[in-house]
file data21.pdb (PDB, C-alpha atoms)
MODEL        1
ATOM      1  CA  MET A   1      26.633  14.741   1.806  1.00  0.00           C
ATOM      2  CA  LYS A   2      26.272  17.296   4.636  1.00  0.00           C
ATOM      3  CA  ASN A   3      22.615  17.403   5.688  1.00  0.00           C
ATOM      4  CA  SER A   4      21.024  16.928   2.280  1.00  0.00           C
ATOM      5  CA  VAL A   5      19.495  13.632   3.480  1.00  0.00           C
ATOM      6  CA  ILE A   6      18.201  13.234   7.044  1.00  0.00           C
ATOM      7  CA  ILE A   7      16.536  10.063   8.274  1.00  0.00           C
ATOM      8  CA  LYS A   8      14.118  10.245  11.191  1.00  0.00           C
ATOM      9  CA  SER A   9      11.957   7.467  12.581  1.00  0.00           C
ATOM     10  CA  PHE A  10       8.265   7.299  13.423  1.00  0.00           C
ATOM     11  CA  GLN A  11       6.105   4.397  14.533  1.00  0.00           C
ATOM     12  CA  SER A  12       6.299   1.645  11.868  1.00  0.00           C
ATOM     13  CA  GLY A  13       8.430   3.704   9.505  1.00  0.00           C
ATOM     14  CA  ILE A  14      10.977   6.358   8.634  1.00  0.00           C
ATOM     15  CA  VAL A  15      10.795   9.913   7.322  1.00  0.00           C
ATOM     16  CA  LEU A  16      13.288  10.968   4.674  1.00  0.00           C
ATOM     17  CA  HIS A  17      13.930  14.731   4.803  1.00  0.00           C
ATOM     18  CA  LEU A  18      15.456  15.843   1.494  1.00  0.00           C
ATOM     19  CA  ASP A  19      17.290  19.043   0.559  1.00  0.00           C
ATOM     20  CA  PRO A  20      15.101  20.965  -1.934  1.00  0.00           C
ATOM     21  CA  GLU A  21      18.001  22.966  -3.359  1.00  0.00           C
ATOM     22  CA  ILE A  22      20.553  20.499  -4.763  1.00  0.00           C
ATOM     23  CA  SER A  23      20.072  18.610  -8.028  1.00  0.00           C
ATOM     24  CA  PHE A  24      18.203  15.333  -7.943  1.00  0.00           C
ATOM     25  CA  GLU A  25      21.278  13.498  -9.297  1.00  0.00           C
ATOM     26  CA  GLU A  26      23.378  14.739  -6.354  1.00  0.00           C
ATOM     27  CA  LEU A  27      20.569  13.934  -3.945  1.00  0.00           C
ATOM     28  CA  LEU A  28      20.302  10.378  -5.231  1.00  0.00           C
ATOM     29  CA  ILE A  29      24.038   9.808  -4.638  1.00  0.00           C
ATOM     30  CA  ASP A  30      23.642  11.150  -1.083  1.00  0.00           C
ATOM     31  CA  ILE A  31      20.671   8.828  -0.477  1.00  0.00           C
ATOM     32  CA  GLU A  32      22.727   5.844  -1.659  1.00  0.00           C
ATOM     33  CA  ASP A  33      25.595   6.820   0.661  1.00  0.00           C
ATOM     34  CA  LYS A  34      23.255   7.418   3.608  1.00  0.00           C
ATOM     35  CA  PHE A  35      21.537   4.043   3.383  1.00  0.00           C
ATOM     36  CA  ARG A  36      24.792   2.212   2.689  1.00  0.00           C
ATOM     37  CA  GLU A  37      26.187   3.672   5.905  1.00  0.00           C
ATOM     38  CA  SER A  38      22.994   2.780   7.808  1.00  0.00           C
ATOM     39  CA  SER A  39      22.506  -0.710   6.356  1.00  0.00           C
ATOM     40  CA  SER A  40      23.654  -2.509   9.529  1.00  0.00           C
ATOM     41  CA  PHE A  41      21.182  -0.464  11.587  1.00  0.00           C
ATOM     42  CA  PHE A  42      18.120  -1.238   9.459  1.00  0.00           C
ATOM     43  CA  LYS A  43      19.140  -4.819   8.586  1.00  0.00           C
ATOM     44  CA  ASP A  44      16.117  -6.517   6.935  1.00  0.00           C
ATOM     45  CA  ALA A  45      13.403  -4.412   8.602  1.00  0.00           C
ATOM     46  CA  LYS A  46      10.062  -3.763   6.876  1.00  0.00           C
ATOM     47  CA  MET A  47       8.926  -0.139   7.157  1.00  0.00           C
ATOM     48  CA  ALA A  48       6.710   2.542   5.677  1.00  0.00           C
ATOM     49  CA  LEU A  49       8.487   5.530   4.118  1.00  0.00           C
ATOM     50  CA  SER A  50       7.480   9.186   4.133  1.00  0.00           C
ATOM     51  CA  ILE A  51       9.396  11.685   1.992  1.00  0.00           C
ATOM     52  CA  LYS A  52       9.398  15.363   2.951  1.00  0.00           C
ATOM     53  CA  GLY A  53      11.100  18.601   1.948  1.00  0.00           C
ATOM     54  CA  ARG A  54      10.949  18.087  -1.795  1.00  0.00           C
ATOM     55  CA  SER A  55       8.308  17.544  -4.484  1.00  0.00           C
ATOM     56  CA  LEU A  56       8.963  14.388  -6.474  1.00  0.00           C
ATOM     57  CA  ASN A  57       7.399  12.820  -9.546  1.00  0.00           C
ATOM     58  CA  GLU A  58       6.648   9.095  -9.779  1.00  0.00           C
ATOM     59  CA  GLN A  59       9.907   8.323 -11.593  1.00  0.00           C
ATOM     60  CA  GLU A  60      11.976  10.098  -8.937  1.00  0.00           C
ATOM     61  CA  GLU A  61      10.155   8.255  -6.161  1.00  0.00           C
ATOM     62  CA  LYS A  62      10.934   4.966  -7.904  1.00  0.00           C
ATOM     63  CA  GLN A  63      14.616   5.902  -8.202  1.00  0.00           C
ATOM     64  CA  ILE A  64      14.755   6.660  -4.487  1.00  0.00           C
ATOM     65  CA  LEU A  65      13.109   3.342  -3.618  1.00  0.00           C
ATOM     66  CA  ASP A  66      15.556   1.532  -5.893  1.00  0.00           C
ATOM     67  CA  ALA A  67      18.500   3.374  -4.287  1.00  0.00           C
ATOM     68  CA  ILE A  68      17.334   2.283  -0.821  1.00  0.00           C
ATOM     69  CA  SER A  69      16.796  -1.314  -1.958  1.00  0.00           C
ATOM     70  CA  LEU A  70      20.201  -1.593  -3.657  1.00  0.00           C
ATOM     71  CA  ASN A  71      22.153  -0.094  -0.765  1.00  0.00           C
ATOM     72  CA  SER A  72      20.471  -1.729   2.220  1.00  0.00           C
ATOM     73  CA  ASP A  73      18.322  -4.715   3.193  1.00  0.00           C
ATOM     74  CA  LEU A  74      15.554  -2.380   4.333  1.00  0.00           C
ATOM     75  CA  ARG A  75      12.212  -3.274   2.755  1.00  0.00           C
ATOM     76  CA  ILE A  76       9.880  -0.353   2.088  1.00  0.00           C
ATOM     77  CA  ILE A  77       6.312  -1.642   2.309  1.00  0.00           C
ATOM     78  CA  CYS A  78       4.611   1.587   1.231  1.00  0.00           C
ATOM     79  CA  LEU A  79       4.986   5.323   0.715  1.00  0.00           C
ATOM     80  CA  VAL A  80       2.824   7.440   3.003  1.00  0.00           C
ATOM     81  CA  GLY A  81       1.767  11.071   2.749  1.00  0.00           C
ATOM     82  CA  GLU A  82       0.503  13.839   5.021  1.00  0.00           C
ATOM     83  CA  ASP A  83      -2.821  12.374   6.195  1.00  0.00           C
ATOM     84  CA  GLU A  84      -1.769  10.781   9.489  1.00  0.00           C
ATOM     85  CA  THR A  85      -5.054   8.953  10.132  1.00  0.00           C
ATOM     86  CA  THR A  86      -5.033   7.346   6.678  1.00  0.00           C
ATOM     87  CA  ASN A  87      -1.362   6.505   7.021  1.00  0.00           C
ATOM     88  CA  GLN A  88      -1.684   4.763  10.369  1.00  0.00           C
ATOM     89  CA  ASN A  89      -4.746   2.764   9.337  1.00  0.00           C
ATOM     90  CA  PHE A  90      -3.050   1.548   6.168  1.00  0.00           C
ATOM     91  CA  ILE A  91       0.181   0.751   7.997  1.00  0.00           C
ATOM     92  CA  LYS A  92      -1.806  -1.332  10.454  1.00  0.00           C
ATOM     93  CA  ALA A  93      -3.609  -3.070   7.598  1.00  0.00           C
ATOM     94  CA  LEU A  94      -0.226  -3.848   6.041  1.00  0.00           C
ATOM     95  CA  HIS A  95       1.041  -5.366   9.268  1.00  0.00           C
ATOM     96  CA  GLN A  96      -2.127  -7.432   9.669  1.00  0.00           C
ATOM     97  CA  ALA A  97      -1.900  -8.745   6.111  1.00  0.00           C
ATOM     98  CA  ASP A  98      -0.898 -12.405   6.018  1.00  0.00           C
ATOM     99  CA  PHE A  99       2.795 -12.047   5.160  1.00  0.00           C
ATOM    100  CA  SER A 100       3.813 -14.915   7.422  1.00  0.00           C
ATOM    101  CA  GLU A 101       6.776 -17.035   6.447  1.00  0.00           C
ATOM    102  CA  GLY A 102       7.091 -20.760   6.283  1.00  0.00           C
ATOM    103  CA  SER A 103       3.946 -21.704   4.361  1.00  0.00           C
ATOM    104  CA  GLY A 104       5.375 -22.171   0.914  1.00  0.00           C
ATOM    105  CA  ALA A 105       6.881 -20.192  -1.954  1.00  0.00           C
ATOM    106  CA  GLY A 106       5.985 -16.562  -2.063  1.00  0.00           C
ATOM    107  CA  SER A 107       4.502 -16.624   1.432  1.00  0.00           C
ATOM    108  CA  GLU A 108       6.305 -13.414   2.435  1.00  0.00           C
ATOM    109  CA  GLY A 109       3.943 -11.341   0.328  1.00  0.00           C
ATOM    110  CA  GLN A 110       4.463  -9.307  -2.795  1.00  0.00           C
ATOM    111  CA  PHE A 111       4.621  -5.616  -3.700  1.00  0.00           C
ATOM    112  CA  TYR A 112       3.632  -4.366  -7.153  1.00  0.00           C
ATOM    113  CA  ARG A 113       4.479  -0.783  -8.080  1.00  0.00           C
ATOM    114  CA  GLY A 114       2.429   0.502 -10.991  1.00  0.00           C
ATOM    115  CA  THR A 115      -1.089   0.729 -12.370  1.00  0.00           C
ATOM    116  CA  LEU A 116      -3.035  -2.279 -13.600  1.00  0.00           C
ATOM    117  CA  LYS A 117      -4.765  -1.268 -16.819  1.00  0.00           C
ATOM    118  CA  ASN A 118      -7.524  -2.725 -18.984  1.00  0.00           C
ATOM    119  CA  GLY A 119      -6.916  -6.392 -19.721  1.00  0.00           C
ATOM    120  CA  GLN A 120      -4.120  -6.864 -17.168  1.00  0.00           C
ATOM    121  CA  ILE A 121      -4.453  -9.638 -14.575  1.00  0.00           C
ATOM    122  CA  LEU A 122      -2.109 -10.022 -11.620  1.00  0.00           C
ATOM    123  CA  GLU A 123      -2.350 -13.308  -9.727  1.00  0.00           C
ATOM    124  CA  THR A 124      -0.414 -14.459  -6.662  1.00  0.00           C
ATOM    125  CA  GLU A 125      -0.538 -17.118  -3.953  1.00  0.00           C
ATOM    126  CA  SER A 126       0.564 -14.594  -1.315  1.00  0.00           C
ATOM    127  CA  SER A 127      -0.762 -11.323   0.076  1.00  0.00           C
ATOM    128  CA  ILE A 128      -0.085  -8.366  -2.204  1.00  0.00           C
ATOM    129  CA  VAL A 129       0.236  -4.593  -1.937  1.00  0.00           C
ATOM    130  CA  ILE A 130      -0.471  -2.604  -5.108  1.00  0.00           C
ATOM    131  CA  LEU A 131       1.373   0.738  -5.151  1.00  0.00           C
ATOM    132  CA  GLY A 132      -0.955   2.259  -7.730  1.00  0.00           C
ATOM    133  CA  ASP A 133      -4.463   1.963  -9.149  1.00  0.00           C
ATOM    134  CA  VAL A 134      -6.434  -1.027 -10.412  1.00  0.00           C
ATOM    135  CA  TYR A 135      -8.332   0.284 -13.432  1.00  0.00           C
ATOM    136  CA  PRO A 136     -11.642  -1.016 -14.841  1.00  0.00           C
ATOM    137  CA  GLY A 137     -11.093  -4.102 -16.966  1.00  0.00           C
ATOM    138  CA  SER A 138      -8.107  -5.273 -14.919  1.00  0.00           C
ATOM    139  CA  ALA A 139      -8.036  -7.775 -12.065  1.00  0.00           C
ATOM    140  CA  ILE A 140      -5.981  -8.627  -9.000  1.00  0.00           C
ATOM    141  CA  ILE A 141      -6.267 -12.185  -7.658  1.00  0.00           C
ATOM    142  CA  SER A 142      -4.691 -13.256  -4.367  1.00  0.00           C
ATOM    143  CA  ALA A 143      -4.969 -16.361  -2.223  1.00  0.00           C
ATOM    144  CA  ARG A 144      -4.652 -14.065   0.791  1.00  0.00           C
ATOM    145  CA  ASP A 145      -5.038 -10.307   1.406  1.00  0.00           C
ATOM    146  CA  ILE A 146      -5.094  -7.418  -1.090  1.00  0.00           C
ATOM    147  CA  ILE A 147      -4.143  -3.834  -0.257  1.00  0.00           C
ATOM    148  CA  VAL A 148      -4.389  -1.132  -2.939  1.00  0.00           C
ATOM    149  CA  LEU A 149      -2.548   2.101  -2.170  1.00  0.00           C
ATOM    150  CA  GLY A 150      -4.635   3.849  -4.796  1.00  0.00           C
ATOM    151  CA  GLY A 151      -8.048   3.318  -6.359  1.00  0.00           C
ATOM    152  CA  LEU A 152      -9.664  -0.097  -6.811  1.00  0.00           C
ATOM    153  CA  TYR A 153     -11.930   0.279  -9.852  1.00  0.00           C
ATOM    154  CA  GLY A 154     -11.449  -3.117 -11.499  1.00  0.00           C
ATOM    155  CA  GLU A 155     -11.880  -6.619 -10.093  1.00  0.00           C
ATOM    156  CA  ALA A 156     -10.417  -8.035  -6.883  1.00  0.00           C
ATOM    157  CA  TYR A 157     -10.497 -11.612  -5.618  1.00  0.00           C
ATOM    158  CA  ALA A 158      -8.984 -12.291  -2.181  1.00  0.00           C
ATOM    159  CA  GLY A 159      -8.859 -15.533  -0.199  1.00  0.00           C
ATOM    160  CA  GLY A 160      -8.590 -17.534  -3.398  1.00  0.00           C
ATOM    161  CA  ASN A 161      -7.881 -20.646  -1.331  1.00  0.00           C
ATOM    162  CA  GLY A 162     -11.515 -20.541  -0.193  1.00  0.00           C
ATOM    163  CA  SER A 163     -10.744 -18.882   3.138  1.00  0.00           C
ATOM    164  CA  LYS A 164     -12.985 -16.052   4.346  1.00  0.00           C
ATOM    165  CA  GLU A 165     -10.346 -14.868   6.854  1.00  0.00           C
ATOM    166  CA  HIS A 166      -8.907 -12.333   4.425  1.00  0.00           C
ATOM    167  CA  TYR A 167      -9.696  -8.819   3.277  1.00  0.00           C
ATOM    168  CA  VAL A 168      -9.336  -6.187   0.565  1.00  0.00           C
ATOM    169  CA  ALA A 169      -8.400  -2.592   1.448  1.00  0.00           C
ATOM    170  CA  ALA A 170      -8.078   0.429  -0.846  1.00  0.00           C
ATOM    171  CA  LEU A 171      -7.675   4.189  -0.594  1.00  0.00           C
ATOM    172  CA  GLU A 172     -10.658   4.456  -2.946  1.00  0.00           C
ATOM    173  CA  MET A 173     -13.011   1.487  -3.188  1.00  0.00           C
ATOM    174  CA  SER A 174     -15.232   1.262  -6.259  1.00  0.00           C
ATOM    175  CA  PRO A 175     -14.681  -2.229  -7.719  1.00  0.00           C
ATOM    176  CA  GLU A 176     -16.396  -3.712 -10.742  1.00  0.00           C
ATOM    177  CA  LYS A 177     -16.354  -7.064  -8.956  1.00  0.00           C
ATOM    178  CA  LEU A 178     -15.177  -8.098  -5.504  1.00  0.00           C
ATOM    179  CA  LYS A 179     -14.979 -11.549  -3.958  1.00  0.00           C
ATOM    180  CA  ILE A 180     -13.456 -12.865  -0.725  1.00  0.00           C
ATOM    181  CA  GLY A 181     -13.255 -16.622  -0.393  1.00  0.00           C
ATOM    182  CA  ASP A 182     -16.570 -17.971  -1.680  1.00  0.00           C
ATOM    183  CA  PHE A 183     -18.479 -14.773  -0.970  1.00  0.00           C
ATOM    184  CA  LYS A 184     -19.256 -12.085  -3.542  1.00  0.00           C
ATOM    185  CA  TYR A 185     -19.787  -8.421  -2.762  1.00  0.00           C
ATOM    186  CA  LYS A 186     -23.103  -7.014  -3.907  1.00  0.00           C
ATOM    187  CA  ALA A 187     -22.764  -3.272  -4.313  1.00  0.00           C
ATOM    188  CA  LYS A 188     -25.703  -1.086  -3.403  1.00  0.00           C
ATOM    189  CA  GLU A 189     -27.315   0.528  -6.415  1.00  0.00           C
ATOM    190  CA  LYS A 190     -26.549   4.206  -6.835  1.00  0.00           C
ATOM    191  CA  THR A 191     -29.789   6.095  -6.344  1.00  0.00           C
ATOM    192  CA  SER A 192     -28.520   9.639  -6.872  1.00  0.00           C
ATOM    193  CA  LYS A 193     -28.803  11.081 -10.356  1.00  0.00           C
ATOM    194  CA  TRP A 194     -26.438  13.913  -9.516  1.00  0.00           C
ATOM    195  CA  SER A 195     -22.802  13.668 -10.516  1.00  0.00           C
ATOM    196  CA  ILE A 196     -21.519  14.740  -7.115  1.00  0.00           C
ATOM    197  CA  LYS A 197     -18.504  12.654  -6.162  1.00  0.00           C
ATOM    198  CA  PRO A 198     -18.451  11.730  -2.462  1.00  0.00           C
ATOM    199  CA  LYS A 199     -15.393  12.421  -0.348  1.00  0.00           C
ATOM    200  CA  VAL A 200     -12.731   9.781  -0.956  1.00  0.00           C
ATOM    201  CA  GLN A 201     -12.440   7.586   2.101  1.00  0.00           C
ATOM    202  CA  PRO A 202     -10.164   4.560   2.608  1.00  0.00           C
ATOM    203  CA  LYS A 203     -12.268   1.413   2.870  1.00  0.00           C
ATOM    204  CA  ILE A 204     -11.855  -2.248   3.701  1.00  0.00           C
ATOM    205  CA  ALA A 205     -13.893  -5.264   2.567  1.00  0.00           C
ATOM    206  CA  TYR A 206     -14.200  -8.351   4.763  1.00  0.00           C
ATOM    207  CA  VAL A 207     -16.557 -11.270   5.374  1.00  0.00           C
ATOM    208  CA  LYS A 208     -19.091 -11.085   8.192  1.00  0.00           C
ATOM    209  CA  ASP A 209     -22.147 -13.327   8.643  1.00  0.00           C
ATOM    210  CA  LYS A 210     -21.476 -14.910   5.238  1.00  0.00           C
ATOM    211  CA  LYS A 211     -21.572 -11.546   3.500  1.00  0.00           C
ATOM    212  CA  VAL A 212     -18.875  -9.257   2.133  1.00  0.00           C
ATOM    213  CA  ILE A 213     -19.065  -5.991   4.038  1.00  0.00           C
ATOM    214  CA  VAL A 214     -17.363  -2.765   2.887  1.00  0.00           C
ATOM    215  CA  ASP A 215     -16.659  -0.277   5.670  1.00  0.00           C
ATOM    216  CA  SER A 216     -14.527   2.791   6.282  1.00  0.00           C
ATOM    217  CA  LEU A 217     -11.020   1.820   7.303  1.00  0.00           C
ATOM    218  CA  THR A 218     -10.721   2.674  10.996  1.00  0.00           C
ATOM    219  CA  LYS A 219      -8.478   1.560  13.833  1.00  0.00           C
ATOM    220  CA  GLU A 220     -11.490   0.184  15.675  1.00  0.00           C
ATOM    221  CA  LEU A 221     -12.512  -1.961  12.719  1.00  0.00           C
ATOM    222  CA  LEU A 222      -8.977  -3.220  12.129  1.00  0.00           C
ATOM    223  CA  SER A 223      -8.727  -4.352  15.749  1.00  0.00           C
ATOM    224  CA  GLU A 224     -11.688  -6.661  15.170  1.00  0.00           C
ATOM    225  CA  LEU A 225     -10.233  -8.340  12.085  1.00  0.00           C
ATOM    226  CA  PRO A 226      -8.371 -11.659  12.338  1.00  0.00           C
ATOM    227  CA  VAL A 227      -4.582 -11.308  12.495  1.00  0.00           C
TER     228      VAL A 227
ENDMDL
END

call {"tool": "encode", "arguments": {"input": "data21.pdb", "output": "structure tokens"}}
result
Amino acid sequence: MKNSVIIKSFQSGIVLHLDPEISFEELLIDIEDKFRESSSFFKDAKMALSIKGRSLNEQEEKQILDAISLNSDLRIICLVGEDETTNQNFIKALHQADFSEGSGAGSEGQFYRGTLKNGQILETESSIVILGDVYPGSAIISARDIIVLGGLYGEAYAGGNGSKEHYVAALEMSPEKLKIGDFKYKAKEKTSKWSIKPKVQPKIAYVKDKKVIVDSLTKELLSELPV
């Protein structure tokens, strides 16, 4: 295995440094060995994962996540990239999501890896993290919180139990429909006729004064949300 796989920690997660030279098949075996050896250290921790040193496609990322899951009890809650501010805000949002135990089946939260496409509906009684996009024509429905590590372009319904103490967060927020508890989001009409796409900015939707507000995802804003 040598040093083809190096694990380093950072706040709320781990960084996986991978050898860019060896074949992916060899690397995968080394990852399995590394996490098998470290399984007692990680136990059943929930962490974010950052992968560095090697360019990977979506299938390879999935194989790495599967290798970690099969060879340890470590639970990867999301993959993070190079933008530290975005990473930390989303990690904090993940930790604030209602993944508490002891309130019924599925109360630990769910993680869905993939893209929801036209006509697809994903419904859950727990909080959910989507590791992909939610396309127009698709819908995600949760009794608690929704976090989309991608673009939210379809429909999202959080707090399906009628509670307003929940939120929806996404790396890119442009939903067809959005509802939290009993409150619907009314998007502002686009006044510009120019096809200039604004800078993508992570956003979060929450209820304030009986209205659904969509704001930029910041540490300051997250500190004001209910935990």

call {"tool": "residues_around", "arguments": {"input": "data21.pdb", "residues": "Arg54 (chain A)", "least_positions_apart": "6", "cutoff": "7 Å", "atoms": "all atoms listed in the file", "output": "mmCIF file with C-alpha atoms, in the coordinates of the input"}}
result
data_model
loop_
_atom_site.group_PDB
_atom_site.id
_atom_site.type_symbol
_atom_site.label_atom_id
_atom_site.label_comp_id
_atom_site.auth_asym_id
_atom_site.auth_seq_id
_atom_site.Cartn_x
_atom_site.Cartn_y
_atom_site.Cartn_z
ATOM 1 C CA LEU A 18 15.456 15.843 1.494
ATOM 2 C CA ASP A 19 17.290 19.043 0.559
ATOM 3 C CA PRO A 20 15.101 20.965 -1.934
#

call {"tool": "closest_residue", "arguments": {"input": "data21.pdb", "among": "A:Asp182, A:Asp145, A:Ile6, A:Asp73", "to": "Arg36 (chain A)", "atoms": "only C-alpha atoms"}}
result
A:Asp73

call {"tool": "atom_distance", "arguments": {"input": "data21.pdb", "atom1": "CA of Phe24 (chain A)", "atom2": "CA of Lys62 (chain A)"}}
result
12.7 Å

call {"tool": "resolve_selection", "arguments": {"input": "data21.pdb", "expression": "the PyMOL selection byres ((chain A and resi 5) around 7)", "output": "list in words"}}
result
Asn3, Ser4, Ile6, Ile7, Leu16, His17, Leu18, Asp19, Asp30 and Ile31 of chain A

call {"tool": "write_last_selection", "arguments": {"input": "data21.pdb", "atoms": "C-alpha atoms", "output": "PDB file, keeping the file's coordinate frame"}}
result
ATOM      1  CA  ASN A   3      22.615  17.403   5.688  1.00  0.00           C
ATOM      2  CA  SER A   4      21.024  16.928   2.280  1.00  0.00           C
ATOM      3  CA  ILE A   6      18.201  13.234   7.044  1.00  0.00           C
ATOM      4  CA  ILE A   7      16.536  10.063   8.274  1.00  0.00           C
ATOM      5  CA  LEU A  16      13.288  10.968   4.674  1.00  0.00           C
ATOM      6  CA  HIS A  17      13.930  14.731   4.803  1.00  0.00           C
ATOM      7  CA  LEU A  18      15.456  15.843   1.494  1.00  0.00           C
ATOM      8  CA  ASP A  19      17.290  19.043   0.559  1.00  0.00           C
ATOM      9  CA  ASP A  30      23.642  11.150  -1.083  1.00  0.00           C
ATOM     10  CA  ILE A  31      20.671   8.828  -0.477  1.00  0.00           C
TER      11      ILE A  31
END

call {"tool": "axis_aligned_box", "arguments": {"input": "data21.pdb", "around": "region 118-131 of chain A", "padding_each_side": "5 Å", "output": "lines of an AutoDock Vina configuration file"}}
result
center_x = -3.1
center_y = -8.2
center_z = -9.8
size_x = 18.9
size_y = 27.9
size_z = 29.8

call {"tool": "atom_distance", "arguments": {"input": "data21.pdb", "atom1": "CA of Glu176 (chain A)", "atom2": "CA of Ser216 (chain A)"}}
result
18.3 Å

call {"tool": "atom_distance", "arguments": {"input": "data21.pdb", "atom1": "CA of Asp209 (chain A)", "atom2": "CA of Phe183 (chain A)"}}
result
10.4 Å
